[in-house]
Amino acid sequence: MSKNFWLIFLGLLLINNLHLSALAETVLQRIARTGELKAAARKDAVPFSYIDEKTGQWTGYGVELMRLVQRRLAQELGKPITITFTEATTNNRFQQVEQGQVDLSCNAATITEERLAKVNFSIPYFMTGAQFLTKRENVDKIDINNTLAAVAIAYIPHTTTDSIIRYIYPLANWQAVSDRSEAVAKLQRGEVKAVVSDGILLLGELVKQGQDPRQFVLLPRQPITTELYGCILPKNDPEWKKFVDTVVGSNDNRRLREQWFNLEQGFFPYTILNQP
């Protein structure tokens, strides 16, 4: 065989070995090697992840939780760790993690069995659920203990809320919208009497649109469904999951959550029973 053949063969073998080595590298090993934590953030997940209009920087409870992971990594590894944010959307947030583009994404993603088939999740860092947002002046018209027959309600199709709530109240006048922004706008214009979605995200949308949350009410006080949010993580990396779980369960994170959601002094006052 020619010399060129062996050179090509050895080159391909080297490339293959490097590829296998990269595949075998855990997230913690790669971060230790590169000094970089790759995270995902969304512009539309207030109050978990959004752009601060004054600073132009990523902010939100989920963003700060990922920065807390960054600080813990620096302590654990004994070296500076940078965090790089890649924008995520509702359509690609799971693919980004599954394909190794990012290491974690703490952006209001509900833990479900279907999603666990492709990605992993941290332990829950927040609990919310389906609630009806209505103007305070319309509270008497939203009797959730009745059928809500003919009451105009905006909802977002193909969500965990959609799959349950419309079957509980089949006689309501359900009006599909593309997102919470459109839904809250319709509520403001009086085109619907209520909007149904995860309560905390409805509150976030109100603040995002410059509305006074005190002029609105979330019904019922305790959500109808239970949505447990977890940080999206790669599958088959128990070491990385254990590390993130430790951060999520830490006192530092509890203080961070209080800073964002405390009823008296939080940025987005919100509470329900049995919060993680």
# chains A, B, ... in the order shown; residues from 1 in each chain; ligands from 1
>>> closest_atom_pairs(of="region 179-229 of chain A", to="region 169-175 of chain A", cutoff="12 Å", atoms="only C-alpha atoms", output="CSV")
residue,atom,partner,partner_atom,distance
A:Asp179,CA,A:Gln175,CA,11.8
A:Glu182,CA,A:Gln175,CA,11.1
A:Ala183,CA,A:Gln175,CA,9.1
A:Lys186,CA,A:Gln175,CA,10.0
A:Leu187,CA,A:Gln175,CA,11.3
A:Glu191,CA,A:Gln175,CA,9.7
A:Val192,CA,A:Gln175,CA,8.1
A:Lys193,CA,A:Asn173,CA,9.9
A:Ala194,CA,A:Trp174,CA,10.0
A:Val195,CA,A:Gln175,CA,9.3
A:Val196,CA,A:Trp174,CA,9.9
A:Ile224,CA,A:Tyr169,CA,11.9
>>> select_by_dssp(residues="region 93-130 of chain A", states="strand (DSSP E)", output="count of residues only")
8
>>> select_by_dssp(residues="region 145-201 of chain A", states="helix (DSSP H, G or I)", output="PyMOL selection string")
chain A and resi 162-168+180-189+199-201
>>> residues_around(residues="region 108-120 of chain A", least_positions_apart="3", cutoff="8 Å", atoms="only C-alpha atoms", output="PyMOL selection string")
chain A and resi 45+48+62+94+97-98+124+227-236
>>> write_last_selection(atoms="C-alpha atoms", output="short mmCIF file (atom, residue, chain, number, x, y, z; two decimals), in the first residue's frame")
data_model
loop_
_atom_site.label_atom_id
_atom_site.label_comp_id
_atom_site.auth_asym_id
_atom_site.auth_seq_id
_atom_site.Cartn_x
_atom_site.Cartn_y
_atom_site.Cartn_z
CA ALA A 45 -40.18 34.20 29.54
CA PHE A 48 -37.52 34.00 34.35
CA GLY A 62 -33.81 31.84 35.70
CA PHE A 94 -34.89 21.35 24.07
CA VAL A 97 -29.51 21.01 25.03
CA GLU A 98 -30.06 17.69 23.28
CA PRO A 124 -37.84 21.67 40.37
CA GLU A 227 -46.45 22.96 36.59
CA LEU A 228 -43.01 22.14 37.97
CA TYR A 229 -40.24 24.10 36.26
CA GLY A 230 -36.79 22.54 36.02
CA CYS A 231 -33.53 23.51 34.33
CA ILE A 232 -33.13 21.59 31.06
CA LEU A 233 -30.00 19.41 31.16
CA PRO A 234 -28.35 16.88 28.83
CA LYS A 235 -29.32 13.24 29.27
CA ASN A 236 -26.88 10.64 30.59
#
>>> closest_atom_pairs(of="region 95-205 of chain A", to="region 25-44 of chain A", cutoff="7 Å", atoms="only C-alpha atoms", output="JSON lines")
{"residue": "A:Val102", "atom": "CA", "partner": "A:Lys38", "partner_atom": "CA", "distance": 4.7}
{"residue": "A:Asp103", "atom": "CA", "partner": "A:Lys38", "partner_atom": "CA", "distance": 5.2}
{"residue": "A:Leu104", "atom": "CA", "partner": "A:Ala39", "partner_atom": "CA", "distance": 5.2}
{"residue": "A:Ser105", "atom": "CA", "partner": "A:Ala40", "partner_atom": "CA", "distance": 4.9}
{"residue": "A:Asn107", "atom": "CA", "partner": "A:Ala41", "partner_atom": "CA", "distance": 6.5}
>>> closest_residue(among="A:Ser122, A:Arg255, A:Glu87, A:Ile165", to="Lys241 (chain A)", atoms="only C-alpha atoms")
A:Ser122
>>> closest_residue(among="A:Gln95, A:Ile144, A:Phe126, A:Glu53", to="Glu258 (chain A)", atoms="only C-alpha atoms")
A:Phe126
>>> residues_around(residues="Leu202 (chain A)", least_positions_apart="6", cutoff="12 Å", atoms="only C-alpha atoms", output="ChimeraX atom specification")
/A:44-48,128-134,154-156,179-185,187,194-196,208-209,211,213,216-219,268,270
>>> atom_distance(atom1="CA of Leu148 (chain A)", atom2="CA of Ile168 (chain A)")
9.8 Å
>>> residues_around(residues="Thr59 (chain A)", least_positions_apart="2", cutoff="6 Å", atoms="only C-alpha atoms", output="list of chain:residue names")
A:Ser49, A:Tyr50, A:Ile51, A:Val63
>>> write_last_selection(atoms="C-alpha atoms", output="PDB file, in the first residue's frame")
ATOM      1  CA  SER A  49     -35.612  35.191  31.304  1.00  0.00           C
ATOM      2  CA  TYR A  50     -35.822  38.433  29.341  1.00  0.00           C
ATOM      3  CA  ILE A  51     -33.864  41.470  28.189  1.00  0.00           C
ATOM      4  CA  VAL A  63     -30.893  33.882  34.347  1.00  0.00           C
TER       5      VAL A  63
END
>>> residues_around(residues="Arg257 (chain A)", least_positions_apart="4", cutoff="10 Å", atoms="only C-alpha atoms", output="PyMOL selection string")
chain A and resi 61-62+64-65+125-126+251-253+261-262+266-267
